[in-house]
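Structure file run_11.txt (compact mmCIF, C-alpha atoms (C1' of nucleotides)) is printed below.
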```txt
# COMPACT_ATOMS: atom_id res chain seq x y z
CA MET U 32 -6.35 20.36 -25.88
CA SER U 33 -9.30 22.50 -24.77
CA GLU U 34 -9.50 24.02 -21.32
CA LYS U 35 -12.74 22.22 -20.56
CA ILE U 36 -11.22 18.83 -21.20
CA ILE U 37 -8.16 19.60 -19.14
CA GLU U 38 -10.41 20.74 -16.31
CA ALA U 39 -12.51 17.58 -16.52
CA GLN U 40 -9.39 15.40 -16.64
CA ASP U 41 -7.85 17.20 -13.71
CA ILE U 42 -10.85 16.29 -11.59
CA ILE U 43 -10.02 12.66 -12.27
CA LEU U 44 -6.30 13.20 -11.67
CA GLY U 45 -7.08 14.78 -8.33
CA ARG U 46 -9.13 11.80 -7.29
CA VAL U 47 -6.42 9.41 -8.45
CA ASN U 48 -4.02 11.28 -6.22
CA GLN U 49 -6.32 10.86 -3.22
CA ILE U 50 -6.79 7.17 -3.91
CA CYS U 51 -3.05 6.64 -4.08
CA ARG U 52 -2.63 8.48 -0.82
CA LYS U 53 -5.19 6.29 0.90
CA LEU U 54 -4.02 2.99 -0.53
CA GLY U 55 -0.28 3.68 -0.45
CA LEU U 56 0.21 3.40 -4.20
CA ASN U 57 2.67 5.23 -6.45
CA ASN U 58 0.93 8.42 -7.46
CA VAL U 59 3.10 9.25 -10.48
CA MET U 60 2.55 5.83 -12.02
CA ALA U 61 -1.19 6.06 -11.47
CA GLN U 62 -1.43 9.53 -12.95
CA LEU U 63 0.72 8.59 -15.92
CA TYR U 64 -1.53 5.65 -16.61
CA THR U 65 -4.59 7.85 -16.21
CA ILE U 66 -3.61 10.48 -18.76
CA ASN U 67 -2.52 7.83 -21.22
CA TYR U 68 -5.85 6.13 -20.73
CA LEU U 69 -7.85 9.33 -21.14
CA ASN U 70 -5.94 10.61 -24.15
CA ASP U 71 -6.93 9.38 -27.53
CA LYS U 72 -3.46 9.68 -29.08
CA PRO U 73 -0.25 8.03 -27.88
CA MET U 74 1.80 10.39 -25.73
CA SER U 75 5.49 11.24 -25.77
CA LEU U 76 7.56 11.72 -22.63
CA ASP U 77 7.58 15.46 -23.21
CA SER U 78 3.81 15.68 -23.50
CA MET U 79 3.42 13.80 -20.23
CA VAL U 80 5.92 16.15 -18.58
CA GLU U 81 3.90 19.09 -19.89
CA ARG U 82 0.58 17.59 -18.86
CA LEU U 83 1.46 16.58 -15.30
CA LYS U 84 4.12 19.23 -14.63
CA ILE U 85 6.67 16.77 -13.33
CA SER U 86 10.28 16.12 -14.26
CA LYS U 87 11.25 14.06 -17.26
CA GLY U 88 13.33 11.73 -15.11
CA SER U 89 10.31 10.81 -13.07
CA VAL U 90 8.27 10.15 -16.19
CA SER U 91 11.05 8.04 -17.66
CA VAL U 92 11.35 5.78 -14.64
CA ASN U 93 7.66 5.37 -13.95
CA ILE U 94 6.47 4.89 -17.51
CA ARG U 95 8.88 1.99 -17.85
CA ALA U 96 7.54 0.45 -14.67
CA LEU U 97 4.06 0.73 -16.16
CA GLU U 98 5.33 -0.91 -19.32
CA ARG U 99 6.83 -3.75 -17.28
CA TYR U 100 3.45 -4.34 -15.67
CA GLY U 101 1.72 -4.38 -19.04
CA ALA U 102 -0.24 -1.22 -18.24
CA VAL U 103 1.10 0.78 -21.18
CA ARG U 104 2.68 -0.13 -24.51
CA LYS U 105 5.38 1.63 -26.47
CA VAL U 106 4.05 2.44 -29.92
CA TRP U 107 5.75 3.62 -33.08
CA VAL U 108 4.72 6.95 -34.55
CA LYS U 109 5.62 7.71 -38.13
CA GLY U 110 8.09 10.52 -38.64
CA SER U 111 9.20 10.84 -35.02
CA ARG U 112 12.04 9.27 -33.16
CA LYS U 113 10.50 9.95 -29.77
CA ASP U 114 9.07 7.18 -27.63
CA TYR U 115 5.29 7.15 -27.57
CA TYR U 116 3.09 5.21 -25.20
CA GLU U 117 -0.54 4.19 -25.13
CA ALA U 118 -2.54 2.66 -22.29
CA GLU U 119 -3.86 -0.87 -22.17
CA THR U 120 -7.59 -0.16 -21.90
CA ASP U 121 -8.50 -3.35 -20.04
CA ILE U 122 -7.90 -1.90 -16.59
CA ILE U 123 -9.27 -4.92 -14.81
CA ARG U 124 -6.76 -7.18 -16.49
CA VAL U 125 -3.91 -4.85 -15.56
CA ILE U 126 -4.99 -4.79 -11.93
CA MET U 127 -5.68 -8.50 -11.73
CA ASP U 128 -2.30 -9.36 -13.25
CA ARG U 129 -0.57 -7.19 -10.70
CA VAL U 130 -2.57 -8.58 -7.80
CA LYS U 131 -1.95 -12.15 -8.87
CA SER U 132 1.74 -11.53 -9.29
CA LEU U 133 2.05 -10.00 -5.83
CA ALA U 134 -0.08 -12.73 -4.27
CA ARG U 135 1.91 -15.51 -5.91
CA ASP U 136 5.20 -14.16 -4.58
CA ARG U 137 3.84 -13.59 -1.08
CA ILE U 138 2.30 -17.06 -0.89
CA SER U 139 5.50 -18.65 -2.03
CA GLU U 140 7.55 -16.76 0.54
CA ALA U 141 5.07 -17.59 3.29
CA GLY U 142 5.42 -21.28 2.47
CA SER U 143 9.17 -21.35 2.98
CA MET U 144 8.79 -19.19 6.08
CA LEU U 145 6.48 -21.77 7.64
CA THR U 146 8.92 -24.55 6.88
CA VAL U 147 11.76 -22.71 8.57
CA SER U 148 9.64 -21.88 11.59
CA TYR U 149 8.52 -25.51 11.93
CA ASP U 150 12.11 -26.68 11.76
CA THR U 151 13.24 -24.21 14.38
CA ILE U 152 10.64 -25.23 16.92
CA ASN U 153 11.18 -28.95 16.26
CA ASN U 154 14.96 -28.89 16.59
CA GLY U 155 14.73 -28.15 20.28
CA ASN U 156 15.33 -30.87 22.90
CA GLN U 157 12.74 -29.77 25.43
CA SER U 158 13.65 -31.27 28.79
CA ASP U 159 11.20 -29.12 30.70
CA LYS U 160 7.61 -30.30 30.64
CA GLU U 161 6.35 -26.72 30.76
CA GLU U 162 8.38 -25.83 27.70
CA GLN U 163 7.15 -28.85 25.80
CA GLU U 164 3.57 -27.78 26.43
CA GLU U 165 4.35 -24.29 25.15
CA ALA U 166 5.95 -25.72 22.04
CA ASP U 167 2.89 -27.84 21.34
CA LYS U 168 0.64 -24.83 21.54
CA PHE U 169 2.88 -22.95 19.16
CA ARG U 170 2.87 -25.85 16.74
CA ASN U 171 -0.91 -25.68 16.79
CA LYS U 172 -0.70 -22.03 15.72
CA LEU U 173 1.68 -22.99 12.94
CA ASP U 174 -0.80 -25.64 11.82
CA MET U 175 -3.49 -22.97 11.65
CA LEU U 176 -1.22 -20.81 9.53
CA LYS U 177 -0.49 -23.78 7.31
CA LYS U 178 -4.22 -24.22 6.69
CA LEU U 179 -4.51 -20.54 5.94
CA HIS U 180 -1.63 -20.80 3.55
CA GLN U 181 -3.33 -23.61 1.66
CA LYS U 182 -6.53 -21.58 1.51
CA ALA U 183 -4.64 -18.62 0.08
CA GLN U 184 -3.14 -20.91 -2.54
CA TYR U 185 -6.62 -22.11 -3.36
CA MET U 186 -7.88 -18.55 -3.72
CA LEU U 187 -5.01 -17.73 -6.06
CA ASP U 188 -5.88 -20.74 -8.19
CA LEU U 189 -9.42 -19.42 -8.29
CA LEU U 190 -8.19 -16.05 -9.52
CA ASN U 191 -6.24 -17.78 -12.27
CA SER U 192 -9.16 -19.96 -13.28
CA ASP U 193 -11.33 -19.23 -16.29
CA ILE U 194 -14.43 -19.25 -14.12
CA LEU U 195 -13.77 -15.93 -12.48
CA ASN U 196 -12.36 -14.31 -15.60
CA ASN U 197 -15.42 -15.29 -17.60
CA MET U 198 -17.64 -13.89 -14.89
CA LEU U 199 -15.82 -10.57 -15.01
CA ASN U 200 -15.91 -10.34 -18.79
CA ILE U 201 -19.21 -11.84 -19.83
CA LYS U 202 -21.53 -10.98 -17.01
CA ASN U 203 -23.80 -8.15 -18.09
CA ILE U 204 -24.22 -5.34 -15.67
CA LYS U 205 -27.59 -4.41 -14.33
CA GLY U 206 -28.89 -1.29 -16.10
CA ASP U 207 -26.89 -1.91 -19.26
CA GLU U 208 -29.83 -0.89 -21.47
CA LYS U 209 -29.25 -3.26 -24.40
CA GLU U 210 -26.40 -1.24 -25.85
CA SER U 211 -23.66 -3.73 -25.08
CA SER U 212 -23.52 -5.16 -28.61
CA ALA U 213 -23.55 -1.79 -30.33
CA ALA U 214 -20.84 -0.35 -28.14
CA ASN U 215 -17.82 -2.20 -29.54
CA ALA U 216 -17.12 -0.03 -32.57
CA MET P 74 8.65 -18.02 26.92
CA SER P 75 11.38 -20.36 25.70
CA GLU P 76 14.16 -19.21 23.43
CA LYS P 77 13.19 -21.71 20.76
CA ILE P 78 9.67 -20.34 20.51
CA ILE P 79 10.87 -16.76 20.37
CA GLU P 80 13.27 -17.72 17.61
CA ALA P 81 10.54 -19.48 15.64
CA GLN P 82 8.19 -16.54 16.11
CA ASP P 83 10.84 -14.07 15.06
CA ILE P 84 11.17 -15.84 11.74
CA ILE P 85 7.52 -15.09 11.15
CA LEU P 86 7.86 -11.52 12.40
CA GLY P 87 10.73 -10.97 10.00
CA ARG P 88 8.65 -12.16 7.10
CA VAL P 89 5.73 -9.99 8.17
CA ASN P 90 8.07 -7.04 8.09
CA GLN P 91 9.16 -7.84 4.53
CA ILE P 92 5.57 -8.28 3.39
CA CYS P 93 4.62 -4.92 4.85
CA ARG P 94 7.57 -3.31 3.11
CA LYS P 95 6.56 -4.77 -0.23
CA LEU P 96 2.86 -4.05 0.04
CA GLY P 97 3.11 -0.70 1.77
CA LEU P 98 1.30 -1.75 4.92
CA ASN P 99 1.78 -0.61 8.52
CA ASN P 100 4.47 -2.85 9.95
CA VAL P 101 3.75 -2.20 13.63
CA MET P 102 0.09 -3.08 13.26
CA ALA P 103 0.91 -6.24 11.38
CA GLN P 104 3.51 -7.35 13.92
CA LEU P 105 1.21 -6.55 16.84
CA TYR P 106 -1.50 -8.64 15.28
CA THR P 107 0.99 -11.43 14.61
CA ILE P 108 2.25 -11.79 18.16
CA ASN P 109 -1.27 -11.61 19.52
CA TYR P 110 -2.27 -14.31 17.07
CA LEU P 111 0.70 -16.54 17.91
CA ASN P 112 0.45 -16.15 21.66
CA ASP P 113 -1.91 -18.34 23.53
CA LYS P 114 -2.61 -15.86 26.32
CA PRO P 115 -3.99 -12.33 25.96
CA MET P 116 -1.20 -9.78 26.01
CA SER P 117 -0.84 -6.51 27.91
CA LEU P 118 0.65 -3.37 26.37
CA ASP P 119 3.82 -3.88 28.38
CA SER P 120 4.30 -7.43 27.17
CA MET P 121 3.93 -6.27 23.57
CA VAL P 122 6.46 -3.50 24.20
CA GLU P 123 8.83 -6.08 25.65
CA ARG P 124 8.25 -8.58 22.87
CA LEU P 125 8.66 -6.22 19.89
CA LYS P 126 11.05 -3.73 21.52
CA ILE P 127 9.05 -0.70 20.47
CA SER P 128 7.71 2.24 22.43
CA LYS P 129 4.53 2.05 24.44
CA GLY P 130 3.05 4.99 22.58
CA SER P 131 3.35 3.17 19.31
CA VAL P 132 1.72 0.06 20.76
CA SER P 133 -1.09 2.12 22.23
CA VAL P 134 -1.96 3.83 18.95
CA ASN P 135 -1.66 0.80 16.73
CA ILE P 136 -3.40 -1.72 18.95
CA ARG P 137 -6.45 0.56 19.03
CA ALA P 138 -6.41 0.78 15.25
CA LEU P 139 -6.38 -3.02 15.16
CA GLU P 140 -9.29 -3.05 17.59
CA ARG P 141 -11.20 -0.62 15.37
CA TYR P 142 -10.72 -2.97 12.43
CA GLY P 143 -11.95 -5.93 14.44
CA ALA P 144 -8.55 -7.63 14.32
CA VAL P 145 -8.06 -7.76 18.09
CA ARG P 146 -10.38 -7.63 21.07
CA LYS P 147 -9.87 -6.14 24.51
CA VAL P 148 -10.36 -8.84 27.13
CA TRP P 149 -10.72 -8.71 30.86
CA VAL P 150 -8.18 -10.52 32.99
CA LYS P 151 -9.01 -11.23 36.61
CA GLY P 152 -6.90 -9.45 39.20
CA SER P 153 -5.27 -6.99 36.83
CA ARG P 154 -6.21 -3.49 35.86
CA LYS P 155 -4.11 -3.55 32.70
CA ASP P 156 -5.65 -3.74 29.26
CA TYR P 157 -5.26 -7.13 27.63
CA TYR P 158 -5.83 -7.99 23.99
CA GLU P 159 -6.36 -11.16 22.04
CA ALA P 160 -6.39 -11.69 18.28
CA GLU P 161 -9.42 -12.55 16.18
CA THR P 162 -8.27 -15.88 14.72
CA ASP P 163 -10.31 -15.70 11.53
CA ILE P 164 -7.67 -13.82 9.57
CA ILE P 165 -9.54 -14.09 6.30
CA ARG P 166 -12.55 -12.34 7.75
CA VAL P 167 -10.36 -9.55 9.13
CA ILE P 168 -8.71 -9.02 5.76
CA MET P 169 -11.93 -9.27 3.77
CA ASP P 170 -13.68 -6.78 6.03
CA ARG P 171 -10.86 -4.32 5.56
CA VAL P 172 -10.72 -4.82 1.80
CA LYS P 173 -14.46 -4.45 1.44
CA SER P 174 -14.48 -1.30 3.54
CA LEU P 175 -11.71 0.29 1.48
CA ALA P 176 -13.32 -0.78 -1.79
CA ARG P 177 -16.72 0.56 -0.79
CA ASP P 178 -15.31 3.98 0.02
CA ARG P 179 -13.22 4.16 -3.16
CA ILE P 180 -16.14 3.09 -5.37
CA SER P 181 -18.39 5.65 -3.79
CA GLU P 182 -15.84 8.43 -4.29
CA ALA P 183 -15.21 7.38 -7.87
CA GLY P 184 -18.92 7.63 -8.58
CA SER P 185 -19.20 11.25 -7.53
CA MET P 186 -15.94 12.03 -9.31
CA LEU P 187 -17.39 10.77 -12.59
CA THR P 188 -20.49 12.89 -12.12
CA VAL P 189 -18.43 16.02 -11.59
CA SER P 190 -16.23 15.27 -14.57
CA TYR P 191 -19.27 14.67 -16.80
CA ASP P 192 -20.78 17.96 -15.68
CA THR P 193 -17.60 19.87 -16.36
CA ILE P 194 -17.21 18.62 -19.90
CA ASN P 195 -20.90 19.12 -20.68
CA ASN P 196 -21.13 22.68 -19.39
CA GLY P 197 -18.93 23.96 -22.19
CA ASN P 198 -20.38 25.78 -25.21
CA GLN P 199 -18.10 24.36 -27.87
CA SER P 200 -18.17 26.70 -30.86
CA ASP P 201 -15.18 25.09 -32.51
CA LYS P 202 -15.89 21.88 -34.39
CA GLU P 203 -12.46 20.51 -33.53
CA GLU P 204 -13.12 21.02 -29.85
CA GLN P 205 -16.50 19.36 -30.05
CA GLU P 206 -14.89 16.28 -31.56
CA GLU P 207 -12.32 16.20 -28.76
CA ALA P 208 -15.06 16.50 -26.18
CA ASP P 209 -16.95 13.60 -27.72
CA LYS P 210 -13.89 11.39 -27.54
CA PHE P 211 -13.39 12.32 -23.93
CA ARG P 212 -17.02 11.54 -23.16
CA ASN P 213 -16.42 8.11 -24.64
CA LYS P 214 -13.59 7.59 -22.19
CA LEU P 215 -15.83 8.68 -19.36
CA ASP P 216 -18.42 6.17 -20.54
CA MET P 217 -15.78 3.45 -20.39
CA LEU P 218 -14.92 4.48 -16.85
CA LYS P 219 -18.60 4.45 -15.98
CA LYS P 220 -18.86 0.84 -17.16
CA LEU P 221 -15.78 0.00 -15.14
CA HIS P 222 -17.31 1.65 -12.12
CA GLN P 223 -20.42 -0.47 -12.45
CA LYS P 224 -18.31 -3.58 -12.78
CA ALA P 225 -16.41 -2.67 -9.62
CA GLN P 226 -19.71 -2.22 -7.83
CA TYR P 227 -20.75 -5.63 -9.08
CA MET P 228 -17.53 -7.20 -7.82
CA LEU P 229 -18.06 -5.62 -4.42
CA ASP P 230 -21.57 -7.06 -4.27
CA LEU P 231 -20.01 -10.41 -5.08
CA LEU P 232 -17.59 -10.07 -2.17
CA ASN P 233 -20.50 -9.30 0.13
CA SER P 234 -22.57 -12.21 -1.13
CA ASP P 235 -22.92 -15.49 0.73
CA ILE P 236 -21.69 -17.38 -2.32
CA LEU P 237 -18.07 -16.36 -1.98
CA ASN P 238 -18.06 -16.51 1.80
CA ASN P 239 -19.41 -20.04 1.77
CA MET P 240 -16.77 -21.03 -0.74
CA LEU P 241 -14.04 -19.69 1.49
CA ASN P 242 -15.35 -21.39 4.59
CA ILE P 243 -16.73 -24.71 3.47
CA LYS P 244 -14.55 -25.70 0.58
CA ASN P 245 -12.17 -28.43 1.68
CA ILE P 246 -8.60 -28.02 0.70
CA LYS P 247 -6.86 -30.55 -1.46
CA GLY P 248 -4.59 -32.78 0.67
CA ASP P 249 -6.62 -32.27 3.84
CA GLU P 250 -6.28 -35.96 4.79
CA LYS P 251 -9.67 -36.45 6.42
CA GLU P 252 -8.68 -34.66 9.60
CA SER P 253 -10.90 -31.64 9.14
CA SER P 254 -13.61 -32.87 11.50
CA ALA P 255 -11.18 -33.90 14.24
CA ALA P 256 -9.28 -30.63 14.16
CA ASN P 257 -11.82 -28.33 15.79
CA ALA P 258 -11.08 -29.13 19.44
C1' DT G 129 32.52 13.96 -37.53
C1' DA G 130 29.91 17.60 -35.34
C1' DT G 131 25.56 18.78 -33.63
C1' DA G 132 20.97 18.35 -32.03
C1' DT G 133 17.59 15.66 -29.88
C1' DC G 134 16.27 12.09 -27.41
C1' DG G 135 15.85 8.97 -22.92
C1' DT G 136 18.34 7.63 -18.69
C1' DT G 137 20.80 8.06 -14.52
C1' DT G 138 21.99 10.24 -10.22
C1' DA G 139 23.20 13.41 -6.32
C1' DG G 140 21.00 15.92 -3.33
C1' DA G 141 16.93 18.68 -1.89
C1' DA G 142 12.26 18.55 -0.44
C1' DT G 143 8.82 16.21 1.52
C1' DG G 144 6.42 12.55 4.31
C1' DT G 145 6.26 8.98 7.67
C1' DT G 146 7.15 6.67 11.69
C1' DC G 147 9.19 6.22 16.11
C1' DT G 148 10.49 7.43 20.69
C1' DA G 149 10.87 9.71 25.07
C1' DA G 150 8.72 12.45 28.07
C1' DA G 151 4.80 14.87 29.75
C1' DC G 152 0.25 14.24 30.86
C1' DG G 153 -4.31 12.72 32.60
C1' DA G 154 -6.94 9.17 34.64
C1' DT G 155 -7.73 5.65 37.93
C1' DG G 156 -6.99 2.43 41.67
C1' DC G 157 -5.21 1.84 46.28
C1' DG G 158 -3.11 2.51 50.80
C1' DC V 279 -5.44 12.73 50.01
C1' DG V 280 -0.92 11.26 48.09
C1' DC V 281 1.40 7.92 45.70
C1' DA V 282 1.80 4.39 42.17
C1' DT V 283 0.42 2.42 37.97
C1' DC V 284 -1.79 2.52 33.95
C1' DG V 285 -2.84 4.22 28.88
C1' DT V 286 -2.70 8.32 25.87
C1' DT V 287 -0.92 12.25 23.61
C1' DT V 288 2.64 14.99 21.48
C1' DA V 289 6.95 17.47 20.07
C1' DG V 290 10.63 16.55 17.75
C1' DA V 291 14.20 13.25 16.13
C1' DA V 292 15.21 9.60 12.99
C1' DC V 293 14.31 7.53 8.99
C1' DA V 294 12.52 6.67 4.33
C1' DT V 295 10.53 8.30 0.02
C1' DT V 296 9.96 10.94 -3.88
C1' DC V 297 11.15 14.58 -6.88
C1' DT V 298 13.97 17.54 -9.56
C1' DA V 299 17.74 19.53 -12.11
C1' DA V 300 21.65 18.62 -14.29
C1' DA V 301 24.97 15.59 -16.21
C1' DC V 302 25.34 11.92 -19.18
C1' DG V 303 25.17 8.52 -23.01
C1' DA V 304 23.09 7.08 -27.17
C1' DT V 305 21.39 7.84 -31.70
C1' DA V 306 19.86 10.13 -35.84
C1' DT V 307 20.95 13.59 -39.18
C1' DA V 308 23.49 16.79 -41.86
```

Would you write out, as structure tokens, the structure that this file holds?
Amino acid sequence: MSEKIIEAQDIILGRVNQICRKLGLNNVMAQLYTINYLNDKPMSLDSMVERLKISKGSVSVNIRALERYGAVRKVWVKGSRKDYYEAETDIIRVIMDRVKSLARDRISEAGSMLTVSYDTINNGNQSDKEEQEEADKFRNKLDMLKKLHQKAQYMLDLLNSDILNNMLNIKNIKGDEKESSAANA
Amino acid sequence: MSEKIIEAQDIILGRVNQICRKLGLNNVMAQLYTINYLNDKPMSLDSMVERLKISKGSVSVNIRALERYGAVRKVWVKGSRKDYYEAETDIIRVIMDRVKSLARDRISEAGSMLTVSYDTINNGNQSDKEEQEEADKFRNKLDMLKKLHQKAQYMLDLLNSDILNNMLNIKNIKGDEKESSAANA
DNA sequence: TATATCGTTTAGAATGTTCTAAACGATGCG
DNA sequence: CGCATCGTTTAGAACATTCTAAACGATATA
């Protein structure tokens, strides 16, 4: 690969690194995805090691995580018994799938948490009037959280709906200069 | 505060901790926000220290970060010269503001990154035909990223639009049992 | 079967982060 | 003033993570 291309790619890799730092994401995974996305040919583990200058063990672990998330695919290359990978080019889908998966788990966990917390506060035999008042106020807070929980569930349903997905796919972007139909070669 | 309430709150605090672990968020900030949200009265630094069993320095730093993000407010309490805080109860707004702020910065940075990468690849005088072909393929990838960048900008505009915000506020939740008007005491 | 070439696993080093205790500066109050 | 009570800052300890090199196991090939 030419020096110019490597230089231009490294600019992107550097930015990816910064983004991961800021957002608390796994840098190796992000960079692995990036080079697979930018490269035209499927890449072997060794070529990724060479490209990013990291250990093979790290590549092995993180590329499989990417595969699990549907971000890269293992592809067969004739005449080689190495593993080759290529990136799923629909980045938005990759991200949305991950976000939805995380959100679904969190919402589910929050639901059972609320149940347990309700039970705990209700199983008390408050003799004191002061304490009873406190408990009522806390129950009000739990009710607010319950509403929030339902709203989160609603938002997740929205993410899963066709409406949003169609918007993200079909909607033409301002300044697209009539080349959208010619671009899908 | 009664034991029952503390127990019920701790269930929530435990879950908050797990969520932070999974999503790579700052646990102290999240727990500080949580107790301020759950408590009816504004809290002093000392009461937060006592409640979460963490150092005052940590509370000091993190509560100010929360204040900067608009998640808590400093409030005046008569007859005390301590600082008291109370939580902004519109959690969705707090989260959305933070997400939008992060997204805006990342999108802006990505834009300049693409410019630099374009410049780098274009400033080469490719004599080799092979290299020129490689460069063209790479430019195609950059074009794809440019499209993605525009789409991200479009999504951010959508987040800032009234449409989405109205949906999140007005839309009644399924199973709301006609109590929505009576609830805002 | 012996050997070479893969990908995977893992112990421990290197690195980052998060927390606390103590020092510090500021401010109110007698 | 001098003391007491705040919130803030910081050096370093405690903790968690990420990475690597090397050992390992599996598989193809001769």

When the cut-off is 10 Å and we count only C-alpha atoms (C1' of nucleotides), which residues of chain P are near chain G, given as a tab-separated table (two decimals) with C-alpha atoms, keeping the file's coordinate frame?
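After the write, result.tsv holds the following:
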```tsv
chain	number	residue	atom	x	y	z
P	99	ASN	CA	1.78	-0.61	8.52
P	101	VAL	CA	3.75	-2.20	13.63
P	127	ILE	CA	9.05	-0.70	20.47
P	128	SER	CA	7.71	2.24	22.43
P	129	LYS	CA	4.53	2.05	24.44
P	130	GLY	CA	3.05	4.99	22.58
P	131	SER	CA	3.35	3.17	19.31
P	154	ARG	CA	-6.21	-3.49	35.86
```

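Among the candidate residues P:Leu118, P:Leu111, P:Ala103, P:Val150, the one lying nearest to chain U is P:Leu111, with distances computed using only C-alpha atoms.
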
Contact residues (chain V, partner chain P, 8 Å, only C-alpha atoms (C1' of nucleotides)) as a JSON list (two decimals) with C-alpha atoms (C1' of nucleotides), in the frame of the given file:
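Below you can see selection-v4.json, which holds the result:
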```json
[["chain", "number", "residue", "atom", "x", "y", "z"],
["V", 284, "DC", "C1'", -1.79, 2.52, 33.95],
["V", 285, "DG", "C1'", -2.84, 4.22, 28.88],
["V", 286, "DT", "C1'", -2.70, 8.32, 25.87]]
```

7 Å contacts from chain U to chain P using only C-alpha atoms, as a list in words: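 Within 7 Å of chain P on chain U, we get Ser33, Lys35, Ile36, Ala39, Ile42, Ile43, Gly55, Leu69, Met144, Ser148, Thr151, Ile152, Gly155, Glu162, Ala166, Phe169, Lys172, Gln181, Lys182 and Ile204 of chain U.
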
Atomic separation - CA of Tyr115 (chain U) relative to CA of Met74 (chain U), Å: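 Here the two named atoms are 5.1 Å from each other.
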
How big is the axis-aligned box around the listed atoms of region 289-294 of chain V once 5 Å is added on each side, and where is its centre? Give both in Å to one decimal, as lines of an AutoDock Vina configuration file.
```
center_x = 11.1
center_y = 12.1
center_z = 12.2
size_x = 18.3
size_y = 20.8
size_z = 25.7
```

Which value, in Å to one decimal, gives the distance between CA of Glu81 (chain U) and CA of Arg104 (chain U)? 19.8 Å

Report, in Å to a single decimal, how far apart CA of Ala160 (chain P) and CA of Val132 (chain P) are.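 These atoms are spaced 14.5 Å apart.
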
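Proximity of P:Lys202, P:Leu229, P:Arg94, P:Ala138 to Lys173 (chain P), computed with all atoms listed in the file, is greatest for P:Leu229.
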